[in-house]
Each structure stands twice: as C-alpha cells, then as structure tokens.
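Novice: Submitted below is the structure of interest, expressed as structure tokens.
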Amino acid sequence: MADKPVYEEASIDGQPSKLASIPASDTTVWADASPLLQAACAGLRDGELIHGDNFNLFAAMSALEIMDPKMDSGIVCTYYSIDEAIENGAAPIPISLDSTIDVCRTIDIMDHLLACEAAWHKGHSVAQTVFSCIYLLRLDRTAPHALLHSYCRIIRATCKAVVSVVSDARTHEEEDLFTLTYGLPLNGDGDDKCLSILNAVEETISRQLRACKATSSKRRLPEDLEPLQSNPNLEEGFCKALLCRLRFRKHFFHVLSCMKRPQGRGLESARKNIASCLTELESILKSADFLRSCFDESCEGDIDDKTTASGFEPIGFDAMLNSRLSAPTPPRAIKILSWKKAVEYFVKLLHDLDVICSYSLDPHLESLLRFVVQFQKSQPDLVARSHLQLLLVQDGKLYGRDPFFAVINKAAALPEATKNHDIQKNESFLQLGMLVMNLLKILCTNAAWQRRKLGKFLQDWRVIYVQLELAFRNEYGEVSSSSNDENTCMKIFQHILLWVEEQTFWIAFRFLILGFELELYSTGEYCMVYWYLYAVLIKLAEKTHLMMAVSHDTAKRKGKKKKDSPKDLARESRIPPAVLFLQCYICLAEGLTMMLAALRNEIPVFHGPSPFNTEQEKFVQHFELLQRACIPDHVSYLSYKESTTHARFSTLAMYNYFKDAQRIAKEVKSSFSNDPERLAELRKLEQVAEHNSVAQNVICRLGALDPSLKVSFEFSHHPFFATVVVKRS
C-alpha cells in the first residue's frame, strides 16, 4: 500500500474510470476500490450500512446514499466542468453551420429557457433551471452570435430583477432556494445595456420581415441586409417567431422595471407592457405549427411534454452541471415545465400583475385588506405576491406615501385633523403601525405560511391592545375636566382601542378559514371548527357594529347637524349592511354547528373515536394559538361541549338557522349592488343556505329512523361553508 492517501472512482461495470477532468496529483492517486465495495455489499444485509463508531441518528439524517442521483451530488455527470462541456461541443458557437438549423436551434434555446424560468419561479433552484444553460454560464462566448447573445443578456438581467424583487419583499422565506444564486454570474458587466442590444437585433429582424413582405420587384432589398438563413420560403416565418420572442422579453423586462418604481408611479406603464407581453405570448403559441413544419424529421414522444415549440431537444443545456453548487444539500430532482405549461404560467403571472397594477391605491385599510384577500383567491405565485408586497409597503409607509398612523387614523374613523397629532410618537402607537405593516406583509405570503404567521401574530395584537388600554388609563383615567387637546387624545385612544379589537377578530377569522383552504380539518372536526368560527364571528360583528356607529357619529359631528330628522333616526336604528353580511356568516356557522352536533349525538357511526387523539386534544391542536391570545374571552373546550352535547334532531326541527341566512342574504343584496365581489359572495352563501335548509329538513324527518341515510359534506358552492349532501346508501 502506498504511503499516499488513496482515492478511487469506479465505473458502473466495476472497472476503474480514469477521469481526465479530475487528474491524480502529488498527494493523490487513483486506485480500484471495486473489490472493497463488492465485499461490503456481500456482507451487508438489507437496512445495514457501514459507519464509524461516532455515527448517530443525527448523522444518519444527513447521510448521503452513494450513487443515488437524488442524493449524491458527486455522482458521475456527463461533464464535470463548464470548460469540459464546451470542449466536448455541448454549446457550440455557431450552433450549426447550416444557417436554417442555426436559427431553429436558437429558437429552441429561447423556448427551453422560458420553461426553465417558469420552473425556477415555481421553486426550483436557479442553478439547475435557468443556469443549466451553458451559454448563460459563458456569456462572452455568445458575442459573435448577436441573436443568442442579446437573448441571453436580457434573460440574465430579468433573473437579477426578479431576485431583487423577491429579496426586497423578503417573501423568499417560503422558498429559501429562490434567491440563492450559488455564485453564478447573475451580475454581468454591461447588463444595463441589454435593452439597447436587444433593440438593435429586433430592428434588424424587423427590417428583414418587412423585406420579406415586399411583393413587388420594385422594392429592392437593402444591400447591407442579410437574410437570417438560407431558405427564402422559411424566412418570414422565422422572422415572426423570433420577433415575438424578443419582444416578449423586452416588454416583460419593462414590466418588472416599471412595477418597482416608488409610490406606484410606473403602474400605468407596466399595464401597457403587460398587454404587449400577452399579445406576444399569443404570437409565440401560434408560431409552434410553423416551427414543427420546418423539417421533415419528427420529434419523438408527446409534443405537449416537450420544452420547445418545435419539439426538439435544445442544445447547450446540462441540468447536472451545477448540481454540486447546491451542496451540502442533495441535488433536487428537477422537472422542467413543458413549453405550453411555461407559456400558461407566464400568462397567469401577467394577469396577476395586471390585477396589482389596476388597483387604485385606496388609502382605506378595510378596502385594501379585502383586495389582498380577493387577490390571494387566484393563488398567485411568489413573484406576483412579492410585487404586491413591495407596492403596499415602501419605506415604512403605505404605498410609500401614507404614514401608517394616518392609515390607522382613517380606519378608526377619526377626524382628518388628528392624523398629524403628536400622540403618534407614543411607543404603543409606533408598535401598532409596525403591526399593521407586518399584517400586510403576512397577507402577501402563501396560504400555509400566512396561516402560521397569523396564528402567532394574534398574540401581538392582544398585547398591543393591553398596552394601549393601560396607557389610556394612566393618562386619562383620573381626568375629570380636560382641555380640547386632552379630549382629542382621549378620542384617539377610544377609537383606536375599538378598531384594534375589531382587527384582532378579523385576523382570527382569517386564521380559521385558511384552515379550510389548506384542508387542515377532517369531517369529524367540522363541528368544533364551525362552533369556534361562530364564536369569533359574533365578536367580529359586535365590534364592527360599534365601529360603524362611531364612524357615523364622527361623520354626523363633521356635518354639524343641530337636530336629527325622523328619517335620520330611522336610518340610525337599522343594522348596517356590513354587519348583516357578517350575520349571514353567523347563521350559517351556527346552523352547521348544531346539525353536526346532532348527527354526532344521534348517529354514533357518523363520529367515531379517533385512534390517535381525543376530541379535546384536537381542539387544542386547532385552536391553541387562539386560546393563548384569549380570542374570544371565556371560550374553551368545556364551553364547546356544553353548547353541543344536547343537540338533537328534535331541537334542529324547532329552528332553522339556514333559513335566516337565506333571508338575510336576499335582503342585503341590494346594499352591495355596486360591489361585485360581495354580491358574488352573497349568492354563494344563499346557495349554501338553501341546500342546507332542505338537507336539515330531510335529516330531521328521517335521520333517526332510516339507518341507510348517509350524510356527507362538500365545498361545491363556497370555499369554507360546507354544503350538506344527504343520500340513501
């Protein structure tokens, strides 16, 4: 045995593999370890592994399985380095000596890069997606190929812009790999000129297209204009295919740049570029038929699974080339989206960005929260949500222009004059402003991350309420007669305390309904969930009603009415539409709670004991974060059991909560005739109430008598209020 350390690389057939890319050195030699490995394999039983004395469970969790492509980042790749790949002709310049093939393969590279970019946006590593392109890794080599060079430059600049947006929004916590660049050449010299380079190439191809369309011999081609390729019959089709791809990249880069301008100043320009992007994507899709017809040879496999419009494999890509850059974590198994799926992704992304750009930057917090919640219903991806967050929160202000105290001031129905009051310098009010800012950031995250954050966030809102209440009592608890300024401070405290309570219950409501979206509740747990939802909604409706009464009083004082007319008094006595809207929710939640409780109490098969945990343990698991924050007060598992233990079919027949919900939904519709979102929500609630009312009547009439009756729950009409389905088995 030599004195030097022995290192070994064995091929699959057991013969040693001498690799020129990893040569022996003065301190290392290659030796055949295959007999040792074969002997070890023969002596090991299934489940056993070779390990040292200090090997433990923690080490086992971090262990890598040698020769497993998903685990071993050092497994034999096609190439060990970029230089080796280039030397072996993996990324030739020019791509082909045949100019027609060269143009076609360049378009394949463009299409595959689009698919890689979409896969990166979906959460895969940039090293194994976009930067699996060897041309991007050695961009200077593409300089002689103006078309490829301009496209690669704009791709790199776009990646840099996207990473910047996601990093600034800090939403990359959801997917840590997104902003990791692994030392890849994301920042290149001269990328600020990428648009001018792209424009020059675009202009050249545009001139060529115009020349192709010249049908008269009178129009002569300019002498300095060379065709893209050698086949005149294909020239126009190639020009169109290239132009739509180049223009899409240009407009998409403009979208990202415009949306990042401060205070929403670039939104209108961004919308124009979004419209252009969508137009170019349509043209890109239409170009597929032409590209597939260019050559007689047909591609193998389903065309819909291909990453290029032509269906051919692209040249110049190796997903494993950068796999070692992700160490110490194992390389992920990358599934690049198909070309069609990539186009669909960008269409959806652009529509989501258009929704953001079309928002009016309303300074009213209630409207803003509703907009964000509505926007999240379309399940936007990380890039769109990052742009939304950056628009909402800039430099510690709403939209970069409105201080959060002024926003809270408006939301708490305080007079306009109080928004600049010195009380905003109070530590508690500063913390409250931070809470509102963080709430907006949390609402821009994905559903799972959002729910986790909101649950922990509730305690902060409870604490700030207690702090404000203590500060109010310390400052004004003993004041019998006060000056105007002190009266103003008292009013600010009173309004904001009430608003904080209302907001806290709104967050709790959001926390609970996200559980339905994430499918965290089983059918056997619906009863306790709807019961808790009912308890939260009761408090939310109460605080909303008080807040609206205070708001009406502020508006009335501003109008300086001396005497109320009978019409005004009648109007004041009515329940506001927003409260009736919540009342509809309350009736549905209470109706479902009592129906589920009756089914549980009278049909044992419907709710059997869990083999893993008790009902009380489930209650704690689902509502522990709410319970810690005492939301609502005096709500516990014991009170839940007391409320539902005596529910029976006979008591259900006495009162139908669903009919109340149906009646309220019908009555309140006219109040939201100018609000299409709430109008659509009321229609859904009405459908749920109508179906459940009929189902309740059937259950009450036959439930205890007919053992073949099967009751199930589905969310066909509403995302979190279940529709009861009754069938005979």
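Residue numbering restarts at 1 in every chain; chains get A, B, ... in the order shown in the structure tokens, and ligands count up from 1 in that same order.
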Find the residues near Gly316 of chain A: any atom within 12 Å, counting only C-alpha atoms, skip ones fewer than 4 places away on the same chain, and give them as an NGL selection string.

Specialist: :A and (82 or 85-86 or 88-95 or 105-106 or 108-110 or 112-113 or 130-138 or 142 or 148 or 321)

Novice: Can you pull out the residues contacting Phe290 of chain A? Cut-off 9 Å, using only C-alpha atoms, and skip same-chain residues under 6 positions away; I want them as a PyMOL selection string.

Specialist: chain A and resi 234+237-238+241+310

Novice: When you count only C-alpha atoms, which of these residues is closest to His634 of chain A: A:Val536, A:Leu414, A:Ser716, A:Val698?

Specialist: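 Looking at the shortest contact to His634 of chain A, the residue is A:Val536.
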
Novice: What is the distance between atom CA of Trp499 of chain A and atom CA of Phe404 of chain A, in Å to one decimal?

Specialist: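 One can read the atom CA of Trp499 of chain A to atom CA of Phe404 of chain A distance as 14.1 Å.
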
Novice: Could you check which of A:Arg663, A:Arg156, A:Arg678, A:Lys340 is closest to Phe253 of chain A, using only C-alpha atoms?

Specialist: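 Among A:Arg663, A:Arg156, A:Arg678, A:Lys340, it is A:Arg156 that comes nearest to Phe253 of chain A.
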
Novice: As a list of chain:residue names, which residues of segment 372-433 of chain A does DSSP assign to strand (DSSP E or B)?

Specialist: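 These are the residues in question: A:Val393, A:Gln394, A:Lys397, A:Leu398, A:Asp402, A:Pro403.
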
Novice: Taking 4 positions as the minimum chain separation for residues in the same chain, which residues sit within 12 Å of Ala695 of chain A when counting only C-alpha atoms? Answer as an MDAnalysis selection string.

Specialist: chainID A and resid 591:592 595 652:653 656 658:659 688:691 699:703 709:713 722:727

Novice: Kindly indicate which residue among A:Leu443, A:Leu454, A:Leu186, A:Leu682 lies nearest to Gln389 of chain A, using only C-alpha atoms for the distances.

Specialist: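 Counting only C-alpha atoms, the residue closest to Gln389 of chain A is A:Leu443.
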
Novice: Need the shell around segment 636-645 of chain A: protein/DNA/RNA residues with any atom at most 7 Å away, counting only C-alpha atoms. Skip same-chain ones fewer than 4 positions apart. Format as a tab-separated table (two decimals) with N, CA, C and O atoms, in the first residue's frame?

Specialist:
```
chain	number	residue	atom	x	y	z
A	594	MET	N	-74.84	23.13	14.87
A	594	MET	CA	-75.92	22.37	15.52
A	594	MET	C	-76.27	21.11	14.73
A	594	MET	O	-76.58	20.07	15.31
A	597	ALA	N	-73.49	18.64	15.40
A	597	ALA	CA	-73.59	18.16	16.78
A	597	ALA	C	-74.71	17.14	16.92
A	597	ALA	O	-74.55	16.10	17.59
A	616	GLN	N	-60.66	16.48	22.68
A	616	GLN	CA	-60.09	17.63	23.39
A	616	GLN	C	-58.69	17.95	22.87
A	616	GLN	O	-58.33	19.12	22.72
A	619	PHE	N	-59.07	19.75	19.69
A	619	PHE	CA	-59.49	21.12	19.97
A	619	PHE	C	-58.27	21.99	20.28
A	619	PHE	O	-58.12	23.11	19.76
```

Novice: Give the answer as one residue: which of A:Leu242, A:Ile492, A:Val383, A:Leu470 has the shortest atom-to-atom distance to Ala406 of chain A, using only C-alpha atoms?

Specialist: A:Ile492

Novice: May I have the residues within 10 Å of segment 465-469 of chain A as a PyMOL selection string, using only C-alpha atoms and disregarding those fewer than 3 positions away in the same chain?

Specialist: chain A and resi 426-429+432+459-462+472-475+493-494+496-501+504

Novice: Which one of A:Glu282, A:Asp111, A:Glu677, A:Glu667 sits closest to Phe375 of chain A if you count only C-alpha atoms?

Specialist: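 Of A:Glu282, A:Asp111, A:Glu677, A:Glu667, the one nearest Phe375 of chain A, counting only C-alpha atoms, is A:Glu677.
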
Novice: For each of A:Leu225, A:Leu537, A:Ile154, A:Leu391, take the minimum atom-to-atom distance to Met259 of chain A, counting only C-alpha atoms, then give the residue where this is smallest.

Specialist: A:Leu391

Novice: Go through segment 183-280 of chain A and flag each residue having an atom no more than 12 Å from segment 114-124 of chain A; for those, report the closest pair of atoms plus their distance in Å to one decimal, using only C-alpha atoms, ordered by chain and rising number, as a tab-separated table.

Specialist:
```
residue	atom	partner	partner_atom	distance
A:Arg245	CA	A:Leu114	CA	9.7
A:Leu246	CA	A:Leu114	CA	11.7
A:Phe248	CA	A:Leu114	CA	10.6
A:Arg249	CA	A:Leu114	CA	9.6
A:Phe252	CA	A:Leu114	CA	11.9
```

Novice: Could you tell me how far atom CA of Val373 of chain A sits from atom CA of Gly433 of chain A, in Å to one decimal place?

Specialist: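 It comes out at 20.1 Å.
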